[in-house]
$ cat protein18.txt   # compact mmCIF, C-alpha atoms and all ligand atoms
# COMPACT_ATOMS: atom_id res chain seq x y z
CA MET O 199 57.93 50.62 -64.03
CA ASN O 200 61.26 48.95 -64.55
CA TYR O 201 62.92 49.99 -61.29
CA ALA O 202 66.11 48.03 -62.01
CA ARG O 203 66.95 50.58 -64.70
CA PHE O 204 67.18 53.31 -62.09
CA LEU O 205 69.42 51.64 -59.51
CA THR O 206 73.13 52.24 -59.10
CA ALA O 207 75.32 49.14 -59.04
CA VAL O 208 75.95 49.67 -55.31
CA SER O 209 72.26 49.85 -54.50
CA ALA O 210 71.44 46.83 -56.67
CA ALA O 211 74.11 44.81 -54.87
CA ARG O 212 72.69 45.38 -51.37
CA GLN O 213 71.45 42.24 -49.62
CA VAL O 214 69.33 41.64 -46.54
CA SER O 215 71.34 41.45 -43.32
CA PRO O 216 70.27 38.18 -41.64
CA ILE O 217 70.41 39.71 -38.15
CA ARG O 218 68.24 42.67 -39.14
CA ALA O 219 65.74 40.34 -40.76
CA MET O 220 65.54 38.43 -37.44
CA THR O 221 64.86 41.69 -35.55
CA ASP O 222 61.97 42.44 -37.86
CA LEU O 223 60.64 38.89 -37.35
CA LEU O 224 60.96 39.19 -33.58
CA MET O 225 59.07 42.49 -33.55
CA ARG O 226 56.14 40.70 -35.20
CA SER O 227 56.18 37.50 -33.10
CA PRO O 228 53.79 36.83 -30.17
CA PRO O 229 55.09 37.34 -26.57
CA SER O 230 55.14 33.54 -25.98
CA VAL O 231 58.13 33.19 -28.34
CA ILE O 232 61.43 32.65 -26.49
CA SER O 233 64.13 34.30 -28.51
CA LEU O 234 67.69 33.24 -28.04
CA ALA O 235 68.46 34.80 -31.37
CA GLY O 236 69.05 38.47 -30.79
CA GLY O 237 72.31 40.16 -30.00
CA ALA O 238 70.52 43.05 -28.31
CA PRO O 239 71.72 44.24 -24.90
CA ASN O 240 69.55 43.72 -21.82
CA PRO O 241 67.67 46.98 -21.20
CA GLY O 242 67.49 46.10 -17.47
CA THR O 243 71.09 47.33 -17.30
CA PHE O 244 70.27 50.73 -18.81
CA PRO O 245 70.23 53.67 -16.38
CA PHE O 246 66.96 55.23 -17.66
CA LYS O 247 63.68 54.15 -16.06
CA SER O 248 60.76 56.27 -17.24
CA ALA O 249 59.97 59.70 -18.61
CA THR O 250 57.19 62.23 -18.37
CA VAL O 251 57.18 64.79 -21.15
CA THR O 252 55.21 67.97 -20.55
CA LEU O 253 53.61 69.42 -23.67
CA SER O 254 53.15 73.12 -24.35
CA ASP O 255 49.47 72.84 -23.31
CA CYS O 256 50.74 71.49 -19.94
CA THR O 257 49.30 67.98 -20.50
CA THR O 258 51.81 65.13 -20.43
CA ILE O 259 52.86 62.04 -22.30
CA GLU O 260 54.13 59.20 -20.18
CA ILE O 261 56.80 56.73 -21.14
CA GLY O 262 56.41 54.17 -18.38
CA GLU O 263 58.95 51.48 -17.42
CA GLY O 264 57.80 48.90 -19.97
CA LEU O 265 57.65 51.33 -22.86
CA MET O 266 60.94 52.86 -21.81
CA LYS O 267 62.66 49.48 -22.16
CA LYS O 268 61.31 49.25 -25.69
CA ALA O 269 62.22 52.88 -26.45
CA LEU O 270 65.86 52.33 -25.47
CA GLN O 271 66.26 49.13 -27.46
CA TYR O 272 67.15 48.39 -31.07
CA SER O 273 64.11 48.34 -33.31
CA ALA O 274 63.02 47.48 -36.85
CA THR O 275 64.88 49.26 -39.65
CA PRO O 276 61.82 50.73 -41.45
CA GLY O 277 60.63 52.27 -38.17
CA VAL O 278 58.62 51.40 -35.05
CA PRO O 279 55.67 49.51 -36.63
CA GLU O 280 52.92 51.53 -34.87
CA LEU O 281 54.50 54.80 -36.02
CA VAL O 282 54.92 53.47 -39.56
CA SER O 283 51.20 52.56 -39.55
CA TRP O 284 50.21 55.98 -38.20
CA LEU O 285 52.23 57.73 -40.89
CA LYS O 286 50.89 55.48 -43.65
CA GLU O 287 47.38 56.39 -42.53
CA LEU O 288 48.42 60.06 -42.61
CA GLN O 289 49.71 59.73 -46.19
CA LYS O 290 46.50 57.99 -47.16
CA ASN O 291 44.43 60.81 -45.67
CA LEU O 292 46.50 63.66 -47.09
CA HIS O 293 47.55 62.29 -50.48
CA ASN O 294 45.49 59.17 -51.20
CA PRO O 295 48.25 57.87 -53.52
CA PRO O 296 46.97 55.79 -56.45
CA THR O 297 49.74 53.28 -55.62
CA LEU O 298 48.10 52.32 -52.30
CA THR O 299 46.24 49.47 -53.97
CA TYR O 300 49.01 48.32 -56.34
CA SER O 301 50.89 45.04 -55.97
CA PRO O 302 54.41 45.30 -54.47
CA ASP O 303 56.13 44.79 -57.86
CA GLN O 304 53.87 47.35 -59.50
CA GLY O 305 55.22 49.94 -57.08
CA GLN O 306 52.79 49.69 -54.16
CA MET O 307 53.11 52.60 -51.72
CA GLU O 308 55.61 51.87 -48.96
CA LEU O 309 56.99 54.06 -46.18
CA CYS O 310 60.06 54.08 -43.98
CA ILE O 311 61.13 56.37 -41.17
CA THR O 312 64.46 58.12 -41.59
CA THR O 313 66.70 60.18 -39.33
CA GLY O 314 65.32 63.47 -40.63
CA SER O 315 64.37 63.75 -44.27
CA GLN O 316 68.02 64.53 -45.01
CA GLU O 317 69.03 60.93 -44.31
CA GLY O 318 66.28 59.64 -46.58
CA LEU O 319 67.18 62.03 -49.38
CA SER O 320 70.89 61.31 -49.30
CA LYS O 321 70.12 57.58 -49.49
CA VAL O 322 67.70 58.18 -52.38
CA PHE O 323 70.47 60.00 -54.25
CA GLU O 324 72.98 57.23 -53.57
CA MET O 325 70.43 54.67 -54.74
CA LEU O 326 69.70 56.43 -58.04
CA ILE O 327 72.69 58.49 -59.15
CA ASN O 328 75.71 57.13 -60.99
CA PRO O 329 78.74 59.22 -61.99
CA GLU O 330 78.00 61.01 -65.30
CA ASP O 331 74.21 60.72 -64.83
CA ASN O 332 72.17 63.75 -65.81
CA VAL O 333 70.16 64.95 -62.83
CA LEU O 334 67.46 67.61 -63.09
CA LEU O 335 66.75 69.92 -60.19
CA ASP O 336 65.27 73.30 -59.26
CA ALA O 337 67.64 76.19 -59.87
CA PRO O 338 68.48 77.48 -57.32
CA THR O 339 68.08 74.76 -54.73
CA TYR O 340 68.70 73.63 -51.16
CA SER O 341 72.40 73.63 -50.33
CA GLY O 342 72.06 70.33 -48.41
CA THR O 343 70.94 68.63 -51.61
CA LEU O 344 73.75 70.13 -53.65
CA ALA O 345 76.23 68.94 -51.02
CA ALA O 346 74.76 65.43 -51.18
CA VAL O 347 74.66 65.06 -54.96
CA LYS O 348 77.79 66.90 -56.13
CA PRO O 349 80.27 64.30 -54.83
CA LEU O 350 78.38 61.61 -56.77
CA GLY O 351 80.03 62.97 -59.91
CA CYS O 352 76.78 63.52 -61.79
CA ASN O 353 75.94 66.27 -64.22
CA LEU O 354 73.52 68.64 -62.51
CA ILE O 355 71.07 70.40 -64.79
CA GLY O 356 69.31 73.34 -63.16
CA VAL O 357 65.71 73.84 -64.30
CA PRO O 358 64.68 77.53 -64.29
CA THR O 359 62.07 78.47 -61.69
CA ASP O 360 59.97 81.47 -60.74
CA GLN O 361 57.75 82.15 -57.74
CA HIS O 362 55.58 79.18 -58.77
CA GLY O 363 58.55 76.79 -58.87
CA ILE O 364 59.79 74.88 -61.92
CA ILE O 365 58.65 76.44 -65.20
CA PRO O 366 57.21 73.48 -67.17
CA GLN O 367 58.17 74.97 -70.56
CA ALA O 368 61.77 75.34 -69.37
CA LEU O 369 61.76 71.69 -68.28
CA LYS O 370 60.31 70.72 -71.63
CA ASP O 371 63.03 72.66 -73.46
CA ILE O 372 65.75 70.92 -71.45
CA LEU O 373 64.22 67.48 -71.98
CA SER O 374 63.91 68.06 -75.72
CA ARG O 375 67.67 67.36 -75.91
CA TRP O 376 66.60 63.75 -75.47
CA ARG O 377 63.80 61.81 -77.07
CA PRO O 378 60.78 60.56 -75.11
CA VAL O 379 61.01 56.94 -73.98
CA THR O 380 58.48 55.96 -76.62
CA ALA O 381 61.12 56.70 -79.31
CA ILE O 382 62.42 53.55 -80.99
CA LYS O 383 66.15 54.16 -80.52
CA PRO O 384 67.14 54.46 -76.84
CA GLU O 385 68.89 57.72 -76.02
CA LYS O 386 72.37 58.01 -74.62
CA ASN O 387 72.42 58.94 -70.94
CA PRO O 388 68.89 60.36 -70.58
CA PRO O 389 68.12 61.99 -67.22
CA LYS O 390 66.58 59.57 -64.74
CA ILE O 391 65.59 61.84 -61.90
CA LEU O 392 64.01 65.17 -61.26
CA TYR O 393 64.48 66.57 -57.75
CA THR O 394 62.18 69.36 -56.63
CA ILE O 395 61.03 71.20 -53.51
CA PRO O 396 57.36 71.78 -54.32
CA ASN O 397 56.30 74.03 -51.43
CA GLY O 398 57.91 77.05 -49.78
CA GLY O 399 61.17 76.18 -51.55
CA ASN O 400 64.51 76.55 -49.83
CA PRO O 401 65.87 79.14 -50.63
CA THR O 402 63.25 80.73 -52.91
CA GLY O 403 59.99 80.32 -50.96
CA ALA O 404 58.47 79.27 -54.32
CA SER O 405 55.52 76.86 -54.45
CA LEU O 406 54.42 74.82 -57.46
CA THR O 407 50.79 75.14 -58.54
CA ALA O 408 48.63 72.05 -59.08
CA GLU O 409 48.54 72.82 -62.79
CA ARG O 410 52.33 72.93 -63.07
CA LYS O 411 52.65 69.71 -61.09
CA ARG O 412 50.33 67.94 -63.54
CA GLU O 413 52.39 69.19 -66.50
CA ILE O 414 55.63 68.16 -64.83
CA TYR O 415 54.27 64.71 -63.95
CA GLN O 416 53.26 64.24 -67.56
CA LEU O 417 56.78 65.14 -68.71
CA ALA O 418 58.17 62.66 -66.18
CA GLN O 419 55.96 60.01 -67.78
CA GLU O 420 57.10 60.93 -71.29
CA TYR O 421 60.78 60.80 -70.35
CA ASP O 422 60.49 58.05 -67.71
CA LEU O 423 61.83 60.12 -64.83
CA ILE O 424 61.60 59.41 -61.12
CA ILE O 425 60.41 62.50 -59.26
CA VAL O 426 62.07 63.10 -55.90
CA GLU O 427 59.55 65.28 -54.06
CA ASP O 428 61.39 66.92 -51.15
CA ASP O 429 58.56 68.51 -49.21
CA PRO O 430 59.62 69.54 -45.66
CA TYR O 431 57.51 72.72 -45.94
CA TYR O 432 54.33 70.91 -46.99
CA PHE O 433 52.79 71.56 -43.57
CA LEU O 434 53.80 75.23 -43.78
CA GLN O 435 51.54 76.10 -46.71
CA PHE O 436 49.77 79.31 -45.70
CA ASN O 437 46.75 79.02 -48.02
CA LYS O 438 44.11 76.31 -48.12
CA PRO O 439 43.30 74.11 -49.92
CA TRP O 440 46.87 72.82 -50.05
CA ALA O 441 48.14 72.02 -53.52
CA PRO O 442 47.96 68.30 -54.36
CA SER O 443 51.32 66.57 -54.05
CA PHE O 444 53.16 64.65 -56.77
CA LEU O 445 52.53 61.57 -54.61
CA SER O 446 48.79 62.10 -54.98
CA MET O 447 49.17 62.06 -58.79
CA ASP O 448 51.47 59.07 -58.95
CA VAL O 449 49.64 56.59 -61.14
CA ASP O 450 52.92 54.98 -62.28
CA GLY O 451 54.84 54.59 -59.01
CA ARG O 452 57.53 57.10 -60.08
CA VAL O 453 57.46 59.45 -57.07
CA ILE O 454 59.59 59.23 -53.95
CA ARG O 455 58.37 61.73 -51.40
CA ALA O 456 60.42 62.98 -48.45
CA ASP O 457 58.45 64.35 -45.48
CA SER O 458 59.81 65.88 -42.32
CA MET O 459 58.62 66.51 -38.78
CA SER O 460 61.46 69.02 -38.38
CA LYS O 461 59.48 72.19 -38.99
CA ILE O 462 56.36 71.16 -37.08
CA LEU O 463 57.26 68.90 -34.13
CA SER O 464 60.99 69.22 -33.62
CA SER O 465 64.08 69.34 -35.77
CA GLY O 466 66.22 67.79 -33.03
CA LEU O 467 64.12 64.62 -32.74
CA ARG O 468 65.28 63.80 -36.30
CA ILE O 469 62.08 62.22 -37.61
CA GLY O 470 61.53 62.17 -41.34
CA PHE O 471 59.86 59.63 -43.60
CA LEU O 472 60.10 58.48 -47.19
CA THR O 473 57.04 57.36 -49.11
CA GLY O 474 57.37 55.72 -52.49
CA PRO O 475 57.21 52.52 -54.52
CA LYS O 476 58.04 49.44 -52.45
CA PRO O 477 60.91 48.20 -54.67
CA LEU O 478 62.74 51.51 -54.08
CA ILE O 479 61.89 51.94 -50.39
CA ASP O 480 63.16 48.37 -49.83
CA ARG O 481 66.54 49.41 -51.28
CA ILE O 482 66.69 52.38 -48.89
CA ILE O 483 65.92 50.06 -45.97
CA LEU O 484 68.79 47.80 -47.01
CA HIS O 485 71.08 50.82 -46.98
CA MET O 486 69.87 51.78 -43.49
CA GLN O 487 70.52 48.23 -42.32
CA VAL O 488 74.22 48.85 -42.82
CA SER O 489 74.35 52.47 -41.67
CA THR O 490 72.01 53.85 -39.00
CA LEU O 491 70.26 50.46 -38.42
CA HIS O 492 67.17 52.55 -37.66
CA THR O 493 66.11 56.02 -36.53
CA SER O 494 66.34 56.47 -32.74
CA THR O 495 63.69 54.26 -31.14
CA PHE O 496 63.32 56.75 -28.28
CA THR O 497 62.42 59.68 -30.51
CA GLN O 498 60.09 57.48 -32.55
CA VAL O 499 58.31 56.33 -29.38
CA MET O 500 58.04 59.90 -28.11
CA THR O 501 56.59 61.03 -31.45
CA LEU O 502 54.21 58.06 -31.54
CA GLN O 503 52.90 58.78 -28.03
CA LEU O 504 52.19 62.36 -29.06
CA LEU O 505 50.49 61.43 -32.33
CA GLN O 506 48.36 58.75 -30.67
CA LYS O 507 47.30 61.23 -28.00
CA TRP O 508 46.41 63.87 -30.60
CA GLY O 509 44.96 61.70 -33.35
CA LEU O 510 44.88 63.03 -36.91
CA GLU O 511 42.56 65.86 -35.94
CA GLY O 512 44.77 67.07 -33.09
CA PHE O 513 47.83 66.82 -35.33
CA LEU O 514 46.19 68.99 -38.00
CA GLU O 515 45.05 71.50 -35.36
CA HIS O 516 48.64 71.78 -34.22
CA ILE O 517 49.72 72.32 -37.84
CA ASP O 518 47.18 75.14 -38.13
CA SER O 519 48.70 76.88 -35.13
CA VAL O 520 52.19 76.52 -36.62
CA ILE O 521 50.92 77.96 -39.92
CA ARG O 522 49.35 80.92 -38.10
CA PHE O 523 52.72 81.66 -36.51
CA TYR O 524 54.69 81.55 -39.75
CA ARG O 525 52.07 83.48 -41.71
CA THR O 526 52.23 86.30 -39.15
CA GLN O 527 56.03 86.20 -39.28
CA ARG O 528 55.96 86.34 -43.08
CA ASP O 529 53.60 89.31 -43.04
CA ALA O 530 55.86 91.13 -40.57
CA MET O 531 58.87 90.53 -42.78
CA LEU O 532 56.98 91.67 -45.89
CA ALA O 533 55.88 94.87 -44.13
CA SER O 534 59.49 95.61 -43.16
CA ALA O 535 60.71 94.78 -46.66
CA ASP O 536 58.19 97.26 -48.08
CA LYS O 537 59.37 99.85 -45.59
CA TRP O 538 63.12 99.54 -46.10
CA LEU O 539 63.86 97.78 -49.37
CA THR O 540 61.46 99.39 -51.83
CA GLY O 541 63.57 100.58 -54.77
CA LEU O 542 66.63 98.70 -53.53
CA ALA O 543 65.42 95.13 -54.05
CA GLU O 544 62.65 92.91 -55.40
CA TRP O 545 60.81 89.99 -53.82
CA TYR O 546 57.46 88.18 -53.87
CA SER O 547 55.27 87.00 -51.06
CA PRO O 548 56.00 83.31 -50.34
CA THR O 549 52.87 81.18 -49.91
CA GLY O 550 54.67 78.67 -47.72
CA GLY O 551 57.85 77.91 -45.82
CA MET O 552 60.07 80.26 -43.87
CA PHE O 553 62.13 82.16 -46.43
CA LEU O 554 62.02 85.43 -48.34
CA TRP O 555 64.16 85.39 -51.48
CA ILE O 556 65.38 88.91 -52.10
CA LYS O 557 66.88 90.10 -55.40
CA ILE O 558 69.20 93.02 -54.73
CA LYS O 559 69.24 95.67 -57.42
CA GLY O 560 72.57 97.02 -58.58
CA VAL O 561 74.66 94.41 -56.73
CA GLN O 562 76.14 91.71 -58.95
CA ASP O 563 77.35 89.34 -56.27
CA THR O 564 75.91 89.32 -52.77
CA HIS O 565 78.57 86.86 -51.58
CA GLN O 566 81.21 89.57 -51.22
CA MET O 567 78.74 91.96 -49.65
CA ILE O 568 77.58 89.45 -47.02
CA MET O 569 80.90 87.81 -46.24
CA LEU O 570 82.93 90.98 -45.99
CA LYS O 571 80.53 93.64 -44.76
CA ALA O 572 77.36 92.19 -43.29
CA ILE O 573 78.77 91.30 -39.88
CA SER O 574 80.14 94.80 -39.34
CA ASN O 575 76.65 96.10 -40.21
CA GLU O 576 75.30 93.61 -37.65
CA VAL O 577 73.03 91.69 -40.01
CA LEU O 578 73.44 88.23 -41.49
CA LEU O 579 71.71 86.62 -44.49
CA VAL O 580 72.66 83.75 -46.77
CA PRO O 581 74.11 84.86 -50.13
CA GLY O 582 72.34 83.37 -53.15
CA SER O 583 75.52 81.67 -54.36
CA ALA O 584 75.12 79.08 -51.56
CA PHE O 585 72.21 77.66 -53.56
CA THR O 586 73.62 77.72 -57.10
CA ILE O 587 74.91 74.60 -58.83
CA GLN O 588 78.27 76.26 -59.44
CA SER O 589 78.92 77.87 -56.07
CA THR O 590 81.39 80.23 -57.74
CA GLU O 591 78.55 81.63 -59.86
CA ALA O 592 77.68 85.23 -58.92
CA SER O 593 74.20 85.73 -57.49
CA CYS O 594 72.35 88.96 -56.81
CA TYR O 595 70.01 87.26 -54.31
CA VAL O 596 70.01 86.80 -50.54
CA ARG O 597 67.86 84.48 -48.44
CA ALA O 598 66.19 85.97 -45.38
CA SER O 599 64.53 83.67 -42.87
CA PHE O 600 61.46 84.73 -40.92
CA SER O 601 61.43 81.75 -38.56
CA LEU O 602 63.42 82.82 -35.51
CA SER O 603 63.56 86.60 -35.31
CA THR O 604 60.90 88.81 -33.73
CA PRO O 605 59.10 91.34 -35.97
CA GLU O 606 61.25 94.07 -34.35
CA GLN O 607 64.46 92.17 -35.13
CA MET O 608 63.33 91.53 -38.71
CA ASP O 609 62.56 95.22 -39.11
CA GLN O 610 65.95 96.25 -37.79
CA GLY O 611 67.67 93.53 -39.81
CA LEU O 612 66.13 94.70 -43.09
CA GLN O 613 66.90 98.33 -42.23
CA ARG O 614 70.55 97.29 -41.80
CA LEU O 615 70.40 95.36 -45.08
CA ALA O 616 69.12 98.51 -46.79
CA SER O 617 72.10 100.55 -45.56
CA LEU O 618 74.43 97.73 -46.56
CA ILE O 619 73.04 97.79 -50.12
CA ILE O 620 73.36 101.57 -50.33
CA GLU O 621 76.97 101.36 -49.11
CA GLU O 622 77.76 98.53 -51.54
CA ARG O 623 76.34 100.43 -54.50
CA LYS O 624 78.53 103.51 -53.82
N1 LIG O 701 65.08 69.46 -47.59
C1 LIG O 701 64.97 70.79 -47.53
C2 LIG O 701 64.50 71.55 -48.71
C3 LIG O 701 65.28 71.46 -46.34
O1 LIG O 701 65.16 72.79 -46.30
C4 LIG O 701 65.71 70.71 -45.23
C5 LIG O 701 66.04 71.37 -43.90
N2 LIG O 701 66.74 72.53 -43.96
C6 LIG O 701 65.80 69.33 -45.36
C7 LIG O 701 65.47 68.73 -46.56
C8 LIG O 701 66.26 68.44 -44.24
O2 LIG O 701 65.36 68.44 -43.18
P1 LIG O 701 65.35 67.36 -42.03
O3 LIG O 701 66.48 66.42 -42.24
O4 LIG O 701 65.48 68.12 -40.76
O5 LIG O 701 64.03 66.66 -42.14
$ encode --input "protein18.txt" --output "structure tokens" --more "lines below"
Ligand code: PMP
Amino acid sequence: MNYARFLTAVSAARQVSPIRAMTDLLMRSPPSVISLAGGAPNPGTFPFKSATVTLSDCTTIEIGEGLMKKALQYSATPGVPELVSWLKELQKNLHNPPTLTYSPDQGQMELCITTGSQEGLSKVFEMLINPEDNVLLDAPTYSGTLAAVKPLGCNLIGVPTDQHGIIPQALKDILSRWRPVTAIKPEKNPPKILYTIPNGGNPTGASLTAERKREIYQLAQEYDLIIVEDDPYYFLQFNKPWAPSFLSMDVDGRVIRADSMSKILSSGLRIGFLTGPKPLIDRIILHMQVSTLHTSTFTQVMTLQLLQKWGLEGFLEHIDSVIRFYRTQRDAMLASADKWLTGLAEWYSPTGGMFLWIKIKGVQDTHQMIMLKAISNEVLLVPGSAFTIQSTEASCYVRASFSLSTPEQMDQGLQRLASLIIEERK
């Protein structure tokens, strides 16, 4: 892969900060080294001493005095090394990326920890997207992504989706406006990236099948696209075996994958991680060196202590319990939807994530209905227009979340939605 072709001028111009490079060196040096180099504060002056965190099974993780000093200090930009290693091992176990054994220039798999996957994604977009670039993405898609990419001045091209995510033929049709990279004459402004949420999509709850992923990867090869795989709902796939990821198919080093601990350990800890070809992850790290410096050491240490206590097996057992919760919630919401919305709306059963995407019949634009009338009917949902490329575009959809409400609340909420629809149609 020629990664240089994909970089924005700003990203290509980033250089290593000498101080940050020293921090990384110090982290790897033996304890006998006397460092007079760092500008770090003395943690002996910090008011925090130690912490005991009680887990939901009533066991504890201890952050003793020594570890606490480390947890409160600056740390390496790519992440606390032990946590980076743990997560690399996790990626190896779950995805076994072909790039694991490649040389760094070839696009060897690399990983860095980010402050939630949102930080990683926004830096990926700033690394790859120039004004006027054509960018392909699921239509509709996550509002946080639209908010991150729109100001970059690119041309967003929505790829039609259904309950199984991006429709490969639709992607093919869009790409046929350009010629494959094998064509002799280079095309003007061909798309360089395809962004997709492969599992339990936000807002649609759609999940790509393995077959579709293979077809899409092949198209990415033909048109030399980088795939940005935004997969925060990977661990919330209700059916096993889980679909293989784009990362697991990445023979070329053209996939950047964003993972998140937000839906399974904590959203407030802000732990996400990017996995992708080293030349690109290195650019992201350079960006972090001048912005966040690194994700909070304290939350990384807390996460690491938990993961080391659990091991991979314990982690996956925890995931299973989270899945059981969301599957039950989904079923409760589906039962209530059947009860109240039959004839008024259409939906499908999501196989992952936390959202039901509801198409309201006989209502052109749910934005008006929600913004003006929903509160007085004591129910709130997100209008579909929040997820369209042109936010002024009318949408007949609403997004209902089954993460926080009890089955009784969901039932009452959908009953209220039903009366709202009936009122709106009058
Ligand atoms: N991508 C998608 C599709 C999301 O739904 C979210 C969270 N709403 C994120 C990224 C960001 O998640 P976080 O930064 O908490 O990892």
$ residues_around --input "protein18.txt" --residues "region 541-557 of chain O" --least-positions-apart "3" --cutoff "6 Å" --atoms "only C-alpha atoms" --output "count of residues only"
15
$ residues_around --input "protein18.txt" --residues "Thr497 (chain O)" --least-positions-apart "5" --cutoff "8 Å" --atoms "only C-alpha atoms" --output "VMD selection string"
chain O and resid 269 467 to 469
$ atom_distance --input "protein18.txt" --atom1 "CA of Met325 (chain O)" --atom2 "CA of Ile479 (chain O)"
10.0 Å
$ atom_distance --input "protein18.txt" --atom1 "CA of Gly356 (chain O)" --atom2 "CA of Leu326 (chain O)"
17.7 Å
$ atom_distance --input "protein18.txt" --atom1 "CA of Asp255 (chain O)" --atom2 "atom O4 of ligand LIG 701 (chain O)"
24.1 Å
$ residues_around --input "protein18.txt" --residues "Asp518 (chain O)" --least-positions-apart "2" --cutoff "12 Å" --atoms "only C-alpha atoms" --output "list in words"
Phe433, Leu434, Gln435, Phe436, Asn437, Lys438, Ile462, Glu511, Gly512, Phe513, Leu514, Glu515, His516, Val520, Ile521, Arg522, Phe523, Tyr524 and Arg525 of chain O
$ write_last_selection --input "protein18.txt" --atoms "C-alpha atoms" --output "JSON list (two decimals), in the coordinates of the input"
[["chain", "number", "residue", "atom", "x", "y", "z"],
["O", 433, "PHE", "CA", 52.79, 71.56, -43.57],
["O", 434, "LEU", "CA", 53.80, 75.23, -43.78],
["O", 435, "GLN", "CA", 51.54, 76.10, -46.71],
["O", 436, "PHE", "CA", 49.77, 79.31, -45.70],
["O", 437, "ASN", "CA", 46.75, 79.02, -48.02],
["O", 438, "LYS", "CA", 44.11, 76.31, -48.12],
["O", 462, "ILE", "CA", 56.36, 71.16, -37.08],
["O", 511, "GLU", "CA", 42.56, 65.86, -35.94],
["O", 512, "GLY", "CA", 44.77, 67.07, -33.09],
["O", 513, "PHE", "CA", 47.83, 66.82, -35.33],
["O", 514, "LEU", "CA", 46.19, 68.99, -38.00],
["O", 515, "GLU", "CA", 45.05, 71.50, -35.36],
["O", 516, "HIS", "CA", 48.64, 71.78, -34.22],
["O", 520, "VAL", "CA", 52.19, 76.52, -36.62],
["O", 521, "ILE", "CA", 50.92, 77.96, -39.92],
["O", 522, "ARG", "CA", 49.35, 80.92, -38.10],
["O", 523, "PHE", "CA", 52.72, 81.66, -36.51],
["O", 524, "TYR", "CA", 54.69, 81.55, -39.75],
["O", 525, "ARG", "CA", 52.07, 83.48, -41.71]]
$ residues_near_ligand --input "protein18.txt" --ligand "ligand LIG 701 (chain O)" --cutoff "10 Å" --atoms "only C-alpha atoms and all ligand atoms" --output "PDB file with C-alpha atoms, in the coordinates of the input"
ATOM      1  CA  THR O 312      64.460  58.120 -41.590  1.00  0.00           C
ATOM      2  CA  THR O 313      66.700  60.180 -39.330  1.00  0.00           C
ATOM      3  CA  GLY O 314      65.320  63.470 -40.630  1.00  0.00           C
ATOM      4  CA  SER O 315      64.370  63.750 -44.270  1.00  0.00           C
ATOM      5  CA  GLN O 316      68.020  64.530 -45.010  1.00  0.00           C
ATOM      6  CA  GLU O 317      69.030  60.930 -44.310  1.00  0.00           C
ATOM      7  CA  GLY O 318      66.280  59.640 -46.580  1.00  0.00           C
ATOM      8  CA  LEU O 319      67.180  62.030 -49.380  1.00  0.00           C
ATOM      9  CA  SER O 320      70.890  61.310 -49.300  1.00  0.00           C
ATOM     10  CA  THR O 339      68.080  74.760 -54.730  1.00  0.00           C
ATOM     11  CA  TYR O 340      68.700  73.630 -51.160  1.00  0.00           C
ATOM     12  CA  SER O 341      72.400  73.630 -50.330  1.00  0.00           C
ATOM     13  CA  GLY O 342      72.060  70.330 -48.410  1.00  0.00           C
ATOM     14  CA  THR O 343      70.940  68.630 -51.610  1.00  0.00           C
ATOM     15  CA  THR O 394      62.180  69.360 -56.630  1.00  0.00           C
ATOM     16  CA  ILE O 395      61.030  71.200 -53.510  1.00  0.00           C
ATOM     17  CA  PRO O 396      57.360  71.780 -54.320  1.00  0.00           C
ATOM     18  CA  ASN O 397      56.300  74.030 -51.430  1.00  0.00           C
ATOM     19  CA  GLY O 398      57.910  77.050 -49.780  1.00  0.00           C
ATOM     20  CA  GLY O 399      61.170  76.180 -51.550  1.00  0.00           C
ATOM     21  CA  ASN O 400      64.510  76.550 -49.830  1.00  0.00           C
ATOM     22  CA  PRO O 401      65.870  79.140 -50.630  1.00  0.00           C
ATOM     23  CA  GLU O 427      59.550  65.280 -54.060  1.00  0.00           C
ATOM     24  CA  ASP O 428      61.390  66.920 -51.150  1.00  0.00           C
ATOM     25  CA  ASP O 429      58.560  68.510 -49.210  1.00  0.00           C
ATOM     26  CA  PRO O 430      59.620  69.540 -45.660  1.00  0.00           C
ATOM     27  CA  TYR O 431      57.510  72.720 -45.940  1.00  0.00           C
ATOM     28  CA  ALA O 456      60.420  62.980 -48.450  1.00  0.00           C
ATOM     29  CA  ASP O 457      58.450  64.350 -45.480  1.00  0.00           C
ATOM     30  CA  SER O 458      59.810  65.880 -42.320  1.00  0.00           C
ATOM     31  CA  MET O 459      58.620  66.510 -38.780  1.00  0.00           C
ATOM     32  CA  SER O 460      61.460  69.020 -38.380  1.00  0.00           C
ATOM     33  CA  LYS O 461      59.480  72.190 -38.990  1.00  0.00           C
ATOM     34  CA  SER O 464      60.990  69.220 -33.620  1.00  0.00           C
ATOM     35  CA  SER O 465      64.080  69.340 -35.770  1.00  0.00           C
ATOM     36  CA  GLY O 466      66.220  67.790 -33.030  1.00  0.00           C
ATOM     37  CA  LEU O 467      64.120  64.620 -32.740  1.00  0.00           C
ATOM     38  CA  ARG O 468      65.280  63.800 -36.300  1.00  0.00           C
ATOM     39  CA  ILE O 469      62.080  62.220 -37.610  1.00  0.00           C
ATOM     40  CA  GLY O 470      61.530  62.170 -41.340  1.00  0.00           C
ATOM     41  CA  PHE O 471      59.860  59.630 -43.600  1.00  0.00           C
ATOM     42  CA  GLY O 551      57.850  77.910 -45.820  1.00  0.00           C
ATOM     43  CA  MET O 552      60.070  80.260 -43.870  1.00  0.00           C
ATOM     44  CA  PHE O 553      62.130  82.160 -46.430  1.00  0.00           C
TER      45      PHE O 553
END
$ closest_residue --input "protein18.txt" --among "O:Ile573, O:Leu612, O:Ala345, O:Ala207" --to "Lys537 (chain O)" --atoms "only C-alpha atoms"
O:Leu612
